[in-house]
Structures are given as C-alpha cells and as structure tokens.
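Heads up, run_32.cif below (mmCIF, C-alpha atoms and all ligand atoms):
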data_upload
#
loop_
_atom_site.label_atom_id
_atom_site.label_comp_id
_atom_site.auth_asym_id
_atom_site.auth_seq_id
_atom_site.Cartn_x
_atom_site.Cartn_y
_atom_site.Cartn_z
CA MET N 16 13.40 -7.90 -12.55
CA SER N 17 14.61 -7.21 -16.07
CA SER N 18 18.09 -8.45 -15.24
CA GLU N 19 19.77 -7.38 -18.48
CA LEU N 20 19.83 -3.80 -17.19
CA THR N 21 22.93 -2.62 -15.42
CA ASN N 22 23.07 0.46 -13.27
CA GLN N 23 26.19 1.90 -14.89
CA ASP N 24 25.88 4.98 -17.07
CA HIS N 25 22.34 5.86 -16.10
CA CYS N 26 21.65 9.50 -15.35
CA TYR N 27 18.90 8.58 -12.93
CA ILE N 28 18.96 5.62 -10.58
CA GLY N 29 16.31 5.56 -7.92
CA ARG N 30 15.35 2.92 -5.40
CA PHE N 31 12.79 1.66 -2.95
CA ALA N 32 14.26 0.20 0.23
CA PRO N 33 11.63 -1.31 2.52
CA SER N 34 12.44 -2.90 5.88
CA PRO N 35 10.58 -6.22 5.99
CA THR N 36 8.99 -5.64 9.38
CA GLY N 37 5.55 -6.47 7.95
CA PRO N 38 3.55 -6.17 4.74
CA LEU N 39 3.21 -2.85 2.90
CA HIS N 40 0.64 -0.42 4.29
CA PHE N 41 -0.67 2.71 2.60
CA GLY N 42 2.16 4.85 4.03
CA SER N 43 4.88 2.66 2.55
CA LEU N 44 2.96 2.31 -0.71
CA ILE N 45 3.11 6.10 -1.14
CA ALA N 46 6.92 6.02 -0.90
CA ALA N 47 7.06 3.15 -3.41
CA VAL N 48 4.77 4.93 -5.89
CA ALA N 49 6.56 8.29 -5.55
CA SER N 50 10.03 6.82 -6.08
CA PHE N 51 8.77 4.65 -8.96
CA LEU N 52 7.02 7.52 -10.78
CA ASP N 53 9.93 9.90 -10.31
CA ALA N 54 12.40 7.31 -11.67
CA LYS N 55 10.27 6.32 -14.63
CA ALA N 56 9.28 9.88 -15.53
CA ASN N 57 13.01 10.64 -15.71
CA ASN N 58 13.75 7.55 -17.84
CA GLY N 59 15.60 6.15 -14.88
CA LEU N 60 16.08 2.79 -13.24
CA TRP N 61 14.10 1.90 -10.13
CA LEU N 62 16.05 -0.55 -7.97
CA MET N 63 14.86 -2.58 -5.04
CA ARG N 64 16.72 -3.16 -1.79
CA MET N 65 15.42 -5.23 1.08
CA GLU N 66 16.67 -3.69 4.31
CA ASP N 67 16.68 -6.93 6.26
CA LEU N 68 19.34 -6.21 8.85
CA ASP N 69 17.35 -6.81 12.00
CA PRO N 70 16.08 -10.42 12.11
CA LEU N 71 14.25 -9.96 15.42
CA ARG N 72 11.97 -7.32 13.85
CA GLU N 73 11.30 -9.27 10.66
CA PRO N 74 8.40 -11.73 10.66
CA LYS N 75 9.02 -14.79 8.52
CA GLY N 76 7.81 -14.28 4.97
CA ALA N 77 7.46 -10.48 5.25
CA ALA N 78 10.05 -9.72 2.57
CA GLU N 79 8.38 -12.11 0.10
CA LYS N 80 4.99 -10.62 0.93
CA ILE N 81 6.21 -7.07 0.19
CA LEU N 82 7.69 -8.16 -3.15
CA ASP N 83 4.50 -9.94 -4.02
CA GLN N 84 2.43 -6.87 -3.17
CA LEU N 85 4.66 -4.64 -5.32
CA ILE N 86 4.42 -6.96 -8.31
CA ASN N 87 0.64 -7.16 -7.96
CA LEU N 88 0.52 -3.37 -7.97
CA GLY N 89 2.54 -3.13 -11.18
CA LEU N 90 5.58 -1.75 -9.33
CA GLU N 91 8.25 -3.88 -10.94
CA TRP N 92 11.86 -3.07 -10.22
CA ASP N 93 14.87 -3.10 -12.50
CA GLY N 94 17.93 -5.27 -12.05
CA GLU N 95 18.84 -7.57 -9.22
CA LEU N 96 17.19 -7.27 -5.85
CA LEU N 97 19.74 -6.45 -3.15
CA TYR N 98 19.36 -7.93 0.35
CA GLN N 99 21.23 -6.08 3.08
CA SER N 100 21.70 -9.36 4.95
CA THR N 101 24.19 -10.39 2.22
CA ARG N 102 26.27 -7.26 2.63
CA LEU N 103 27.79 -7.63 6.10
CA GLU N 104 31.37 -8.05 4.89
CA ASP N 105 31.17 -4.83 2.95
CA TYR N 106 29.68 -2.93 5.87
CA ASP N 107 32.58 -4.17 7.95
CA LYS N 108 35.04 -2.82 5.36
CA THR N 109 33.26 0.52 5.46
CA LEU N 110 33.53 0.53 9.23
CA GLN N 111 37.26 -0.26 9.02
CA GLN N 112 37.74 2.70 6.66
CA LEU N 113 36.20 5.00 9.23
CA ALA N 114 38.12 3.39 12.08
CA LYS N 115 41.41 3.83 10.23
CA LYS N 116 40.76 7.55 10.10
CA GLU N 117 40.00 7.46 13.85
CA LEU N 118 36.51 8.71 13.21
CA CYS N 119 34.68 6.24 15.43
CA TYR N 120 34.81 4.98 18.98
CA GLU N 121 33.27 2.48 21.38
CA CYS N 122 30.52 3.65 23.69
CA ASP N 123 28.74 1.73 26.44
CA CYS N 124 26.61 4.60 27.74
CA SER N 125 23.15 3.46 28.75
CA ARG N 126 19.89 4.80 27.32
CA SER N 127 19.15 6.52 30.62
CA ALA N 128 22.59 8.18 30.66
CA ILE N 129 21.92 9.53 27.17
CA LYS N 130 18.48 10.70 28.21
CA SER N 131 20.05 12.65 31.04
CA MET N 132 22.27 14.38 28.44
CA GLY N 133 19.05 15.70 26.85
CA SER N 134 18.98 12.78 24.37
CA ILE N 135 21.79 14.28 22.27
CA TYR N 136 24.93 12.28 22.89
CA ASN N 137 27.58 14.55 24.36
CA GLY N 138 30.61 12.61 23.15
CA GLN N 139 31.48 11.38 26.62
CA CYS N 140 33.25 8.21 25.38
CA ARG N 141 35.22 10.00 22.65
CA ASN N 142 38.47 9.96 24.54
CA ARG N 143 38.02 6.98 26.82
CA ILE N 144 41.16 4.94 27.40
CA SER N 145 39.77 1.77 28.97
CA LYS N 146 37.83 -0.80 26.95
CA PRO N 147 34.10 -0.95 27.79
CA CYS N 148 33.29 -3.84 30.14
CA SER N 149 29.74 -4.29 28.93
CA ASP N 150 28.11 -4.36 25.49
CA TYR N 151 29.05 -1.33 23.50
CA ALA N 152 27.95 0.51 20.39
CA ILE N 153 30.29 2.18 17.89
CA ARG N 154 29.67 5.87 17.33
CA LEU N 155 30.84 8.19 14.61
CA ARG N 156 32.37 11.52 15.58
CA THR N 157 30.38 14.44 14.27
CA GLU N 158 31.57 17.97 13.59
CA ASN N 159 30.37 21.36 14.66
CA GLY N 160 29.36 22.68 11.25
CA ILE N 161 26.29 22.91 9.05
CA ILE N 162 25.32 20.19 6.61
CA GLU N 163 22.67 21.35 4.19
CA PHE N 164 20.95 20.15 1.07
CA ASN N 165 18.19 21.22 -1.23
CA ASP N 166 15.32 18.80 -0.94
CA LEU N 167 13.21 18.38 -4.08
CA VAL N 168 10.01 18.55 -2.04
CA GLN N 169 10.77 20.23 1.28
CA GLY N 170 13.30 22.83 0.08
CA ASN N 171 16.45 23.80 1.96
CA TYR N 172 17.23 21.63 4.97
CA ARG N 173 20.14 22.20 7.30
CA GLN N 174 21.47 20.64 10.44
CA ASN N 175 24.46 20.96 12.72
CA LEU N 176 25.16 17.32 13.46
CA GLU N 177 27.21 17.79 16.59
CA VAL N 178 24.73 20.19 18.13
CA GLU N 179 21.42 18.70 16.95
CA ILE N 180 22.17 14.97 16.71
CA GLY N 181 25.48 14.26 18.44
CA ASP N 182 27.94 11.47 17.60
CA PHE N 183 25.70 8.78 16.22
CA VAL N 184 25.65 5.00 16.30
CA ILE N 185 26.98 3.10 13.28
CA VAL N 186 27.17 -0.31 14.97
CA ARG N 187 24.51 -1.05 17.56
CA LYS N 188 25.09 -2.62 20.96
CA ASP N 189 23.60 -5.86 19.66
CA LYS N 190 26.38 -5.77 17.02
CA LEU N 191 24.03 -5.16 14.11
CA PHE N 192 25.18 -2.54 11.63
CA ALA N 193 23.06 0.57 12.03
CA TYR N 194 20.74 1.81 9.30
CA GLN N 195 22.83 4.97 8.65
CA LEU N 196 25.98 3.02 7.79
CA ALA N 197 24.24 0.33 5.73
CA VAL N 198 22.09 2.74 3.72
CA VAL N 199 25.07 4.88 2.74
CA ALA N 200 27.17 1.86 1.74
CA ASP N 201 24.31 0.48 -0.34
CA ASP N 202 23.29 3.72 -2.02
CA ALA N 203 26.92 4.02 -3.12
CA LEU N 204 27.13 0.39 -4.27
CA GLN N 205 23.96 0.72 -6.33
CA ASN N 206 25.06 4.12 -7.75
CA ILE N 207 21.84 5.68 -6.54
CA THR N 208 21.43 9.22 -7.89
CA HIS N 209 17.96 10.09 -6.56
CA ILE N 210 16.32 9.14 -3.26
CA ILE N 211 12.60 9.77 -2.93
CA ARG N 212 11.30 8.59 0.44
CA GLY N 213 9.15 9.51 3.43
CA ASN N 214 9.75 12.73 5.32
CA ASP N 215 10.33 10.79 8.55
CA LEU N 216 13.84 10.21 7.17
CA ILE N 217 14.69 13.82 6.36
CA ASP N 218 16.50 14.31 9.64
CA SER N 219 18.68 11.25 8.90
CA THR N 220 19.80 12.76 5.61
CA PRO N 221 22.51 15.08 7.00
CA ARG N 222 24.02 12.05 8.80
CA GLN N 223 24.02 10.17 5.51
CA ILE N 224 25.56 13.10 3.62
CA TYR N 225 28.24 13.40 6.31
CA LEU N 226 29.10 9.71 5.94
CA GLN N 227 29.18 10.09 2.14
CA GLN N 228 31.64 12.95 2.53
CA LEU N 229 33.88 10.97 4.90
CA LEU N 230 33.87 7.99 2.53
CA ASN N 231 34.27 10.04 -0.66
CA TYR N 232 30.94 8.92 -2.06
CA LYS N 233 28.73 11.08 -4.25
CA THR N 234 25.70 12.61 -2.56
CA PRO N 235 22.42 11.72 -4.30
CA ILE N 236 19.57 14.16 -4.83
CA TYR N 237 16.92 13.81 -2.12
CA GLY N 238 13.16 14.36 -2.09
CA HIS N 239 11.14 13.71 1.06
CA ILE N 240 7.42 13.26 0.60
CA PRO N 241 4.90 13.92 3.38
CA ILE N 242 4.12 11.00 5.63
CA ILE N 243 0.66 9.98 6.76
CA VAL N 244 0.03 10.36 10.47
CA ASN N 245 -2.76 9.01 12.68
CA ALA N 246 -4.90 11.03 15.11
CA GLN N 247 -2.05 10.91 17.66
CA GLY N 248 0.37 12.41 15.12
CA GLN N 249 2.25 9.12 14.79
CA LYS N 250 3.53 7.92 11.45
CA LEU N 251 1.33 5.33 9.79
CA SER N 252 3.65 2.40 10.36
CA LYS N 253 3.72 -1.26 11.19
CA GLN N 254 4.52 -0.36 14.82
CA HIS N 255 1.33 1.67 14.98
CA PHE N 256 -0.81 -1.06 13.53
CA ALA N 257 -1.30 0.41 10.06
CA THR N 258 -3.51 -1.94 8.08
CA PRO N 259 -1.67 -3.88 5.38
CA ILE N 260 -2.88 -3.01 1.91
CA ASP N 261 -4.93 -5.57 0.03
CA THR N 262 -3.74 -5.75 -3.56
CA LYS N 263 -7.17 -7.04 -4.59
CA HIS N 264 -7.98 -3.32 -4.62
CA GLY N 265 -4.85 -2.46 -6.64
CA PRO N 266 -6.35 0.09 -9.07
CA LYS N 267 -8.09 1.97 -6.26
CA LEU N 268 -4.89 2.03 -4.16
CA ILE N 269 -2.77 3.35 -7.01
CA HIS N 270 -5.43 5.96 -7.74
CA GLN N 271 -5.44 7.10 -4.09
CA ALA N 272 -1.64 7.10 -3.91
CA MET N 273 -1.38 9.33 -6.99
CA LYS N 274 -3.94 11.75 -5.56
CA PHE N 275 -1.99 11.88 -2.30
CA LEU N 276 1.10 12.78 -4.35
CA GLY N 277 -0.58 15.80 -5.89
CA LEU N 278 -1.72 14.30 -9.20
CA SER N 279 -5.32 14.55 -10.38
CA PRO N 280 -6.12 11.21 -11.96
CA PRO N 281 -9.46 11.51 -13.77
CA ALA N 282 -12.28 9.38 -12.40
CA THR N 283 -12.43 7.70 -15.81
CA ILE N 284 -9.13 5.88 -15.24
CA ARG N 285 -10.16 4.54 -11.83
CA GLN N 286 -11.25 1.28 -13.41
CA ALA N 287 -8.06 0.94 -15.48
CA THR N 288 -5.45 -1.65 -14.54
CA VAL N 289 -2.63 -0.73 -12.18
CA LYS N 290 -0.17 -0.66 -15.07
CA GLU N 291 -2.39 1.64 -17.15
CA GLN N 292 -2.81 3.97 -14.19
CA LEU N 293 0.92 4.02 -13.51
CA ALA N 294 1.61 4.77 -17.18
CA TRP N 295 -0.75 7.75 -16.84
CA GLY N 296 1.10 8.79 -13.68
CA ILE N 297 4.52 8.56 -15.36
CA ALA N 298 3.33 10.77 -18.22
CA VAL N 299 2.06 13.57 -15.95
CA TRP N 300 4.40 13.19 -12.95
CA ASP N 301 5.61 16.44 -11.45
CA ILE N 302 7.50 16.25 -8.18
CA GLN N 303 6.73 19.94 -7.64
CA ALA N 304 3.04 19.00 -7.32
CA VAL N 305 3.73 16.87 -4.21
CA PRO N 306 2.39 18.77 -1.18
CA LYS N 307 5.27 20.53 0.55
CA LEU N 308 4.15 19.31 3.94
CA ALA N 309 5.97 17.27 6.54
CA ASN N 310 2.92 15.12 7.18
CA ILE N 311 -0.73 14.69 6.28
CA PRO N 312 -3.34 13.38 8.74
CA GLU N 313 -4.90 10.08 7.80
CA SER N 314 -8.33 11.61 8.45
CA SER N 315 -7.90 14.05 5.55
CA LEU N 316 -7.47 11.26 3.00
CA THR N 317 -10.68 11.00 1.06
CA ALA N 318 -12.19 7.54 0.95
CA GLU N 319 -13.40 6.55 -2.48
N1 LIG N 401 14.18 0.88 5.21
C1 LIG N 401 13.65 2.16 5.52
C2 LIG N 401 12.16 2.04 5.85
O1 LIG N 401 11.53 1.06 5.49
C3 LIG N 401 13.78 3.15 4.40
C4 LIG N 401 15.18 3.55 4.17
C5 LIG N 401 15.42 4.60 3.10
O2 LIG N 401 14.58 4.78 2.22
O3 LIG N 401 16.48 5.21 3.18
O4 LIG N 401 11.65 2.94 6.49
#
Could I get this file's structure written as structure tokens?
Amino acid sequence: MSSELTNQDHCYIGRFAPSPTGPLHFGSLIAAVASFLDAKANNGLWLMRMEDLDPLREPKGAAEKILDQLINLGLEWDGELLYQSTRLEDYDKTLQQLAKKELCYECDCSRSAIKSMGSIYNGQCRNRISKPCSDYAIRLRTENGIIEFNDLVQGNYRQNLEVEIGDFVIVRKDKLFAYQLAVVADDALQNITHIIRGNDLIDSTPRQIYLQQLLNYKTPIYGHIPIIVNAQGQKLSKQHFATPIDTKHGPKLIHQAMKFLGLSPPATIRQATVKEQLAWGIAVWDIQAVPKLANIPESSLTAE
C-alpha cells in the first residue's frame, strides 16, 4: 500500500499469496499473521499477491473481500499488489524457457490411468512421438535425486521428486498455468527472500526449488507453519466449509492467531487495537516459538 517502497535492495522480502476462492478463514489468517510478523520483525517488506489463476474457483468479489479483511485486521502490505491473472505472458515465457531445454512434454493420460500407476506419474508420455488427440497437460521432467532444504519451522525436509512425486504438471489440461509454475515465476519477479506459509505446501516446496534451479532463480528461505485440521484431519479450508472470519472481532482474532503461533500475548492487551497487538507481536516475534508440528486439531484451539 505504501507505494513508494521498492523491493530492490531489501534483505528480507516476504509475501502473502492467497487464492481468492472465498473470504479469509482462521487457517488462512494464521498464514497471513505469521508471514507479516516474520517480515516486520526482520525489518522486511511484506508483499501481497492475489493468486487468481482459476476463474471457475473464484467467487465474484472474493479477492476484494480478502483485501478488505486484511486491512481491517491491520495487515497492510507494502508496494503494489500483484494479480497473477495479469502475468500470463510471463508464465508463457517461463514455459518456453523450459521447453527450449526439452524439459517438458505433453501428456494426455487420464486421472484413472495415473491412479493405476499408484498416483505417481510414471513418465509414460516422456518419449511419445505422436501428438495427443485429446486435451493434454504439460509436465516437467523430474530427476532421480534428492532435493532438500532446511525449513525454519519444520527442520530438514527432503524429497526425491522422480520417485515421490513424478513428472509434474506445469500447464493443466484446461490450459491454465499450474500453481507450481506461477508461484516460482512470481516469487522470482517479486524478489521474495522468505516464504512463511502453511505446512500443507511443504511437499510442493521441492518442486518449486527444482524449478528455481532449472530457471536459475534464487531459492528463498522457507518456513512452514502448522495447519489447522478438523475432526476428520482435513485442512481448515474453504472446500471444507471453514467459517469466514468476522473482522468485527479483529482484536480477538489477532490475539488467538498470535497464541496459535507460539506467542504469549498478555490478557491485558486483548482489548488493544489490532495494530497495537501486531506491534506487540512484531517486538516479541520468534519463529522458533512456532510449534514444530505439521498440524493442530481445531478442537485444541482454546475459545476465548
Ligand atoms: N495461493 C496459495 C493458497 O492460498 C498459497 C500459495 C503460497 O503461499 O505459495 O493456498
């Protein structure tokens, strides 16, 4: 929002990148608060990116609603807001770079065919000669080797992409650019140095690091915070009917979010404004205090 800031020459550039599939719920608020506090405690910038690449999943007005909720909660971003829907030309250039190096290929395998491979794509279309007759996705070739990184919250994380994930989709059958390609292109464009987000994305991170390596982009530092799960173990998400947050209760929500993230806000600041509470959070923020758990059941969150 303060547009005089540029993201050059900053040691820390973080971001929040919601998909506008509905308003913010408590699960997404946690990711916003964690990335905001980590950026601000490190004198960094906190950028905002709207991941609006999938119009069929985006109710009208959802992006505006999210931005409104963030502003009402005192979570104001730096610089220009980036909309992924304006970035298609650049994603196409990124795709062409990969294609030039013969790193991707067309694949029309059906969901059921992939399921019968054990849900890890076996590279069947890698060397196909004929053009697919039906709709096809574009997949990226993976390698049989370990990709690892040191997560600020979860510690060492490693994956063999070819064995554990398989060649993955970078352009979907419906011709939309896939999340993995877009997120890597945008993190590079925005010079993101630190990515603090929900642990549901930790297993996407090796794919993103692999893409960064192929494209000669720098790899940011990652921290994956626990996600909230319901009684069925499903992530609190719009698909699972998580209740949108009501910013009328802003101070209480920020208080709860900070507690979830391992801080101990004193009861005396519960009545303070969202901005006062966040200022307290910035002053005491310690990413090492975030519970080193993959997820936390909704039922264990204390109602106040
Ligand atoms: N847009 C993704 C989501 O809302 C987050 C992507 C990211 O942080 O890398 O779940």
For this session: List every protein, DNA or RNA residue that has at least one atom no more than 10 Å from (23.5, -5.3, 19.3) in the file's coordinates, counting all atoms listed in the file, and write the result as JSON, numbers by chain.
Result: {"N": [69, 150, 151, 152, 186, 187, 188, 189, 190, 191, 192, 193]}
Exercise. Hey, what's within 8 Å of Phe275 of chain N if we count only C-alpha atoms and toss same-chain stuff fewer than 3 positions away? As a PyMOL selection string, please?
Worked result: chain N and resi 45+271-272+278+305+316
Give as a CSV table (one decimal) with C-alpha atoms, in the coordinates of the input each residue that has an atom at most 6 Å from (10.7, 5.2, -5.2) in the file, counting all atoms listed in the file.
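Contents of part.csv, as written:
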chain,number,residue,atom,x,y,z
N,30,ARG,CA,15.4,2.9,-5.4
N,31,PHE,CA,12.8,1.7,-3.0
N,46,ALA,CA,6.9,6.0,-0.9
N,47,ALA,CA,7.1,3.2,-3.4
N,48,VAL,CA,4.8,4.9,-5.9
N,49,ALA,CA,6.6,8.3,-5.6
N,50,SER,CA,10.0,6.8,-6.1
N,51,PHE,CA,8.8,4.6,-9.0
N,211,ILE,CA,12.6,9.8,-2.9
For this session: Identify, on the basis of all atoms listed in the file, every residue whose closest approach to Asn214 of chain N does not exceed 6 Å; exclude the query and any residue fewer than 6 positions from it along the same chain; express the result as a list in words.
Result: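 Returned residues: His239, Ile240, Pro241 and Ile242 of chain N.
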For this session: Compile the contact shell of segment 135-146 of chain N as a list in words: residues with an atom at most 10 Å away, counting only C-alpha atoms, same-chain residues fewer than 6 positions apart removed.
Result: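 Contacts, in chain order: Leu118, Cys119, Tyr120, Glu121, Cys122, Asp123, Cys124, Ala128, Ile129, Arg154, Leu155, Arg156, Thr157, Leu176, Glu177, Val178, Glu179, Ile180, Gly181, Asp182, Phe183 and Val184 of chain N.
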For this session: Kindly provide, as a list in words, all nucleotide and amino acid residues lying within 7 Å of ligand LIG 401 (chain N), counting all atoms listed in the file.
Result: Phe31, Ala32, Pro33, Ser34, Glu66, Val198, Arg212 and Leu216 of chain N
For this session: Quick one: everything within 7 Å of Tyr232 of chain N, counting only C-alpha atoms, minus sequence neighbours fewer than 3 positions away in the same chain. Send it as an MDAnalysis selection string.
Result: chainID N and resid 203 227:228
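Distances from N:Gln247, N:Ser315, N:Gln205, N:Thr283 to Ile28 of chain N were compared using all atoms listed in the file, and the smallest one belongs to N:Gln205.
Distances here use only C-alpha atoms; by that measure, the residue among N:Pro266, N:Pro259, N:Pro35, N:Pro280 closest to Gly89 of chain N is N:Pro266.
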Exercise. So which residues touch Glu73 of chain N within 8 Å, counting all atoms listed in the file, skipping near sequence neighbours fewer than 2 positions away, as a ChimeraX atom specification?
Worked result: /N:35-37,67,69-71,75,77
Exercise. So what do you get for atom CA of Gly42 of chain N versus atom CA of Trp295 of chain N, distance-wise?
Worked result: 21.3 Å
Seminar exercise, completed: For Asp301 of chain N, the closest of N:Gln112, N:Gln169, N:Asn175, N:Asn57 counting only C-alpha atoms is N:Asn57
Exercise. Using only C-alpha atoms, which residue out of N:Leu60, N:Phe41, N:Asp53, N:His264 lies closest to Ala304 of chain N?
Worked result: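 Closest residue, counting only C-alpha atoms: N:Asp53.
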Exercise. Out of N:Thr208, N:Thr262, N:Gln292, N:Asn58, which residue has the shortest atom-to-atom distance to Thr234 of chain N when counting only C-alpha atoms?
Worked result: N:Thr208
Exercise. Nearest to Trp300 of chain N among N:Lys55, N:Ile260, N:Cys148, N:Leu230, with distances taken over all atoms listed in the file: which residue is it?
Worked result: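 The shortest atom-to-atom distance to Trp300 of chain N comes from N:Lys55.
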Exercise. Hey, can you check how far atom CA of Arg72 of chain N sits from atom CA of Tyr106 of chain N?
Worked result: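 Result for atom CA of Arg72 of chain N versus atom CA of Tyr106 of chain N: 19.9 Å, one decimal.
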For this session: One decimal, Å: what's the distance from atom CA of Ala200 of chain N over to atom CA of Leu68 of chain N, could you say?
Result: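 Separating atom CA of Ala200 of chain N from atom CA of Leu68 of chain N is a distance of 13.3 Å.
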